[in-house]
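Working notes, structure below.
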Amino acid sequence: MPPSYLLTVLTLLPLAGIPALLLLRPDDHTWIRRIALTIALVEFLLSLLLVRGFVPGTAAYQFEEFRRWIPDPPIHYHLGVDGVSLFLVLLTTFLTPVAMLSSWKSIERRVQGFFITLLVLETGMVGVFISLDLVLFFLFWEAMLIPMYFLIGIWGHERRVYAALKFILYTMFGSILMLVAIVWLYELSGTFDLPQIQTMLISGQLTLPLRTELLLFGAFFLAFAIKVPLFPLHTWLPDAHTEAPTAGSIVLAGVLLKMGTYGMVRFCVPLFPEAAHRLAPYIAVLAITGVIYGALVAMVQTDLKRLVAYSSVSHLGFVVLGIFAFNPTALQGSLYQMLNHGVSTGALFLLVGTLYDRRHTHLIAEYGGLATPMPVLAALFLFVSFSSAGLPMLNGFVGEFLILTGTFERHTAWAACAALGVIFSSVYLLWAYQRVFFGAVQERNQKLPDADLRERVVLFAMAGLILWMGIGSAVFTRRTEASARNIIEQMQRPQLYNARVASARRLDAPRTGAR
């Protein structure tokens, strides 16, 4: 596959497979599932070529594709990946077949539409991470919302319509703000091309007044903070997770939430560094509040799926804190924690989904003693819980350790407060595990089947990835280091500018006094 077209193939392959599904009879569920899974697996295998061809040690965009699209205003088909987006693309292509396998037996109605929706969603998610034109990025951002809305609203649980409407209203509000900011930035720069805007800002060809920078930063940041979601904009997330089908929860937690933190790294921090510096203390307070609040609320949940949902609020607070600590180590940790959270929390939702398929309830009180009839699921659930809690040698430890270490170098108090979230996460995860899997076995749970072959293959694959990411983290960080340092260097523009102004004032002071 020529590298110059690889990103286009990854973007359009899921859509290209949809006609094959449409040619099948709607009631031919077996072949619909098989063909959709085949398309998703081929997409994942092709995405591995990105890792093979990616050159570590450079912050430049790679696998770039540039085509003129609309002449006036100048909108281009511009794609590319760097260390920030490389593994997020792989995370997307990995979790999509996982989501399909999680729904192999649980989705029995409108099966054809369900798998078509998943493929459309995959195209939107991949497009968000590889778009280097602001309008193209916005189009993929919006296109991704529609299939997720249908996943929740059609194949969700009892309050699915309410949850879907809440999801779309929150995210559309943020999208409107982002669109206004994109148009405003175009009026100032004359281009929608992200690398060109970055070059103009670095060279001084484009200078943003502080008030303008603060407003642009605020518009982009609110759109991304809603998507994360950052406290107190998180209220749509528990409802969306609780009512979504298992596949929807896996994709939502694993990929969609990362689009918010990705947007902060890609747009907010490098494009508007002075605004980011000025607002960082306030954002850090919100992030730390989210870390502690999400963990405390997770402790008191009686619904297992809502507990995992609130854990996302807590864990992604760590990611936001690492971004706005403005430290290369912390930023590296945030980039890695995005991947860790996607794998670990995706696995947790998959495990919760397997329990729901057997008992059709998420209430913790309805379980108890499941380790006796379901020893394999119990062992895997404990392993993934340890990963989410940040146990050393597993992936969650690496990300949180880098974030706290880098944050501690610049802001000791921030790191000390955020570290409480690590303790609390162990409490709510292990307490929930105790109530679900230990104790006396309730009569209605005595004959529950353990994990079948399909579930074991998927769960053991994710468990192996969790262990590998915990031990071989250098495979990932070596490819993200240059991009992380480049972002931090772009953030020094306000400091350099202020230093130049102060120096000019000192040099001018003697002449002023002489006059």
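Letters A, B, ... mark the chains of the structure tokens in the order given; residue numbers begin at 1 per chain; ligand numbers begin at 1, in order shown.
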
Next on the checklist: I want to know what sits within 7 Å of stretch 258-264 of chain A, based on only C-alpha atoms, with residues of the same chain fewer than 3 positions away left out; could you give that as JSON, numbers by chain?
Outcome noted: {"A": [221, 224, 225, 227, 228, 255, 267, 268, 269, 320, 338]}

Would you mind listing, for every residue of stretch 48-67 of chain A within 6 Å of stretch 74-89 of chain A, the two atoms forming the shortest contact and the distance between them in Å to one decimal, using only C-alpha atoms, sorted by chain and ascending residue number, as JSON lines?
{"residue": "A:Tyr61", "atom": "CA", "partner": "A:Asp82", "partner_atom": "CA", "distance": 4.9}
{"residue": "A:Gln62", "atom": "CA", "partner": "A:Val81", "partner_atom": "CA", "distance": 5.4}
{"residue": "A:Phe63", "atom": "CA", "partner": "A:Gly80", "partner_atom": "CA", "distance": 5.5}
{"residue": "A:Glu64", "atom": "CA", "partner": "A:Gly80", "partner_atom": "CA", "distance": 4.3}
{"residue": "A:Glu65", "atom": "CA", "partner": "A:Leu79", "partner_atom": "CA", "distance": 5.1}
{"residue": "A:Phe66", "atom": "CA", "partner": "A:His78", "partner_atom": "CA", "distance": 4.4}
{"residue": "A:Arg67", "atom": "CA", "partner": "A:Tyr77", "partner_atom": "CA", "distance": 5.0}

Selected residues, N, CA and C atoms, written as a CSV table (one decimal), in the first residue's frame, please.
chain,number,residue,atom,x,y,z
A,61,TYR,N,4.6,16.0,10.6
A,61,TYR,CA,3.5,15.1,10.1
A,61,TYR,C,3.9,14.1,9.1
A,62,GLN,N,3.5,12.9,9.2
A,62,GLN,CA,3.9,11.9,8.3
A,62,GLN,C,2.7,11.3,7.6
A,63,PHE,N,3.0,10.5,6.5
A,63,PHE,CA,1.9,10.0,5.6
A,63,PHE,C,1.0,11.1,5.1
A,64,GLU,N,1.5,12.2,4.9
A,64,GLU,CA,0.7,13.4,4.5
A,64,GLU,C,0.0,13.2,3.1
A,65,GLU,N,-1.2,13.6,3.0
A,65,GLU,CA,-1.9,13.7,1.7
A,65,GLU,C,-2.5,15.1,1.6
A,66,PHE,N,-2.3,15.7,0.5
A,66,PHE,CA,-2.8,17.1,0.3
A,66,PHE,C,-3.5,17.2,-1.1
A,67,ARG,N,-4.7,17.6,-1.1
A,67,ARG,CA,-5.4,17.8,-2.4
A,67,ARG,C,-6.3,19.0,-2.2

| said: Taking 2 positions as the minimum chain separation for residues in the same chain, which residues sit within 9 Å of A:Ile152 when counting only C-alpha atoms? Answer as JSON, numbers by chain. | reply: {"A": [147, 148, 149, 150, 154, 155, 156, 157, 160, 161, 163, 164, 240, 241, 243, 244, 245, 248, 249]}

Could you please take those selected residues and save N, CA and C atoms as a compact mmCIF listing (two decimals), in the first residue's frame?
# COMPACT_ATOMS: atom_id res chain seq x y z
N PRO A 147 -23.80 8.79 14.04
CA PRO A 147 -23.95 7.34 14.31
C PRO A 147 -23.97 7.01 15.80
N MET A 148 -23.21 7.74 16.63
CA MET A 148 -23.26 7.47 18.07
C MET A 148 -24.64 7.80 18.63
N TYR A 149 -25.25 8.86 18.12
CA TYR A 149 -26.61 9.22 18.53
C TYR A 149 -27.58 8.07 18.22
N PHE A 150 -27.44 7.48 17.04
CA PHE A 150 -28.33 6.37 16.67
C PHE A 150 -28.01 5.11 17.46
N ILE A 154 -31.31 3.98 19.31
CA ILE A 154 -32.03 2.84 18.71
C ILE A 154 -31.75 1.54 19.46
N TRP A 155 -30.47 1.30 19.76
CA TRP A 155 -30.10 0.00 20.34
C TRP A 155 -29.78 0.10 21.83
N GLY A 156 -30.11 1.22 22.45
CA GLY A 156 -29.85 1.38 23.87
C GLY A 156 -30.91 0.74 24.75
N HIS A 157 -30.88 1.07 26.02
CA HIS A 157 -31.78 0.47 27.00
C HIS A 157 -33.02 1.35 27.21
N ARG A 160 -33.12 5.25 26.55
CA ARG A 160 -32.16 5.50 25.47
C ARG A 160 -32.42 6.81 24.74
N VAL A 161 -33.69 7.17 24.52
CA VAL A 161 -33.99 8.40 23.78
C VAL A 161 -33.55 9.62 24.58
N ALA A 163 -31.16 9.72 26.87
CA ALA A 163 -29.70 9.75 26.90
C ALA A 163 -29.13 10.22 25.56
N ALA A 164 -29.73 9.76 24.46
CA ALA A 164 -29.24 10.16 23.14
C ALA A 164 -29.44 11.65 22.89
N ALA A 240 -25.42 8.52 29.05
CA ALA A 240 -25.09 7.94 27.75
C ALA A 240 -24.50 6.55 27.90
N HIS A 241 -23.60 6.37 28.86
CA HIS A 241 -22.99 5.06 29.07
C HIS A 241 -24.01 4.04 29.57
N GLU A 243 -27.25 3.88 29.21
CA GLU A 243 -28.29 3.51 28.26
C GLU A 243 -27.75 2.96 26.96
N ALA A 244 -26.46 3.17 26.66
CA ALA A 244 -25.89 2.70 25.40
C ALA A 244 -25.74 1.19 25.42
N PRO A 245 -25.78 0.54 24.25
CA PRO A 245 -25.42 -0.88 24.20
C PRO A 245 -23.94 -1.05 24.52
N GLY A 248 -21.59 0.52 22.06
CA GLY A 248 -21.59 1.97 22.16
C GLY A 248 -20.76 2.46 23.32
N SER A 249 -20.86 1.79 24.47
CA SER A 249 -20.07 2.19 25.63
C SER A 249 -18.57 1.99 25.38

query = Neighbours of A:Leu355 within 12 Å (only C-alpha atoms; same-chain residues fewer than 6 positions away dropped), as a ChimeraX atom specification?
reply = /A:102,106,246,304-305,348-349,361-364,366-368,370,374,377-378,381,436-437,445,448-451,455

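When the distance limit is 10 Å and only C-alpha atoms are what count, the residues near A:Glu489, minus those fewer than 3 positions from it on the same chain, are Ile202, Pro270, Phe326, Pro328, Ser483, Ala484, Arg485, Asn486, Gln492 and Arg493 of chain A.
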
- Task: Name the residues in contact with A:Pro56 at a cut-off of 10 Å, using only C-alpha atoms, excluding same-chain residues fewer than 5 positions from it; report them as a ChimeraX atom specification.
- Result: /A:51,82-83,476-483

What would the file look like if the residues just selected were written as a PDB file, in the first residue's frame with C-alpha atoms?
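In the end it all went to again31.pdb:
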ATOM      1  CA  VAL A  51       3.502   1.989  12.981  1.00  0.00           C
ATOM      2  CA  ASP A  82       2.276  12.564  14.100  1.00  0.00           C
ATOM      3  CA  GLY A  83       3.139  11.133  17.496  1.00  0.00           C
ATOM      4  CA  PHE A 476       4.784   3.909  22.446  1.00  0.00           C
ATOM      5  CA  THR A 477       6.564   6.761  24.218  1.00  0.00           C
ATOM      6  CA  ARG A 478       9.506   6.647  21.799  1.00  0.00           C
ATOM      7  CA  ARG A 479       7.116   7.598  19.004  1.00  0.00           C
ATOM      8  CA  THR A 480       5.281  10.306  20.934  1.00  0.00           C
ATOM      9  CA  GLU A 481       8.255  12.017  22.597  1.00  0.00           C
ATOM     10  CA  ALA A 482       9.217  14.325  19.724  1.00  0.00           C
ATOM     11  CA  SER A 483       5.640  15.538  19.213  1.00  0.00           C
TER      12      SER A 483
END

Counting only C-alpha atoms, figure out which residue out of A:Arg278, A:Lys105, A:His411, A:Arg358 gets nearest to A:Gly322.
->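 Checking each of A:Arg278, A:Lys105, A:His411, A:Arg358 against A:Gly322, counting only C-alpha atoms, the winner is A:His411.
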
Note to self: Would you compute the distance between atom CA of A:Thr191 and atom CA of A:Leu279? Give it in Å to one decimal.
What the structure shows: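 Distance between the two atoms: 26.5 Å.
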
- Query: Interatomic distance between atom CA of A:Leu459 and atom CA of A:Val384?
  - Reply: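 Straight-line distance from atom CA of A:Leu459 to atom CA of A:Val384 works out to 9.5 Å.
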
Would you mind listing what lies within 12 Å of A:Ala415 as number ranges by chain, with only C-alpha atoms counted and same-chain residues fewer than 2 positions away left out?
-> A: 284-285, 287-288, 291, 317-318, 321-322, 325, 330, 400-413, 417-422

Atom pair atom CA of A:Asp28 + atom CA of A:Arg359, distance 26.8 Å

DSSP-assigned strand (DSSP E) members of stretch 76-175 of chain A, reported as a PDB file with N, CA, C and O atoms, in the first residue's frame:
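Output file out_3.pdb follows:
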ATOM      1  N   HIS A  76      -8.973  22.349   2.002  1.00  0.00           N
ATOM      2  CA  HIS A  76      -8.151  21.313   1.397  1.00  0.00           C
ATOM      3  C   HIS A  76      -8.415  19.956   2.040  1.00  0.00           C
ATOM      4  O   HIS A  76      -8.787  19.870   3.213  1.00  0.00           O
ATOM      5  N   TYR A  77      -8.193  18.934   1.246  1.00  0.00           N
ATOM      6  CA  TYR A  77      -8.207  17.561   1.748  1.00  0.00           C
ATOM      7  C   TYR A  77      -6.789  17.274   2.227  1.00  0.00           C
ATOM      8  O   TYR A  77      -5.933  16.815   1.482  1.00  0.00           O
ATOM      9  N   HIS A  78      -6.524  17.583   3.492  1.00  0.00           N
ATOM     10  CA  HIS A  78      -5.177  17.502   4.042  1.00  0.00           C
ATOM     11  C   HIS A  78      -5.192  16.541   5.224  1.00  0.00           C
ATOM     12  O   HIS A  78      -5.863  16.778   6.224  1.00  0.00           O
ATOM     13  N   LEU A  79      -4.456  15.434   5.060  1.00  0.00           N
ATOM     14  CA  LEU A  79      -4.389  14.409   6.090  1.00  0.00           C
ATOM     15  C   LEU A  79      -2.945  14.201   6.524  1.00  0.00           C
ATOM     16  O   LEU A  79      -2.015  14.453   5.756  1.00  0.00           O
ATOM     17  N   GLY A  80      -2.764  13.722   7.741  1.00  0.00           N
ATOM     18  CA  GLY A  80      -1.425  13.423   8.239  1.00  0.00           C
ATOM     19  C   GLY A  80      -1.506  12.956   9.679  1.00  0.00           C
ATOM     20  O   GLY A  80      -2.490  13.201  10.382  1.00  0.00           O
ATOM     21  N   VAL A  81      -0.454  12.264  10.122  1.00  0.00           N
ATOM     22  CA  VAL A  81      -0.370  11.818  11.510  1.00  0.00           C
ATOM     23  C   VAL A  81       0.989  12.187  12.081  1.00  0.00           C
ATOM     24  O   VAL A  81       1.972  12.320  11.353  1.00  0.00           O
TER      25      VAL A  81
END

Quick one: of A:Leu271, A:Val441, A:Leu391, A:Ala379, who's nearest to A:Ile488, counting only C-alpha atoms?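 When distances to A:Ile488 are compared using only C-alpha atoms, the smallest one comes from A:Leu271.
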
For this session: Please return as a VMD selection string: the residues of stretch 123-304 of chain A that backbone DSSP assigns to helix (DSSP H, G or I).
Result: chain A and resid 123 to 130 134 to 155 160 to 189 194 to 203 210 to 227 236 to 243 246 to 271 273 to 299 304
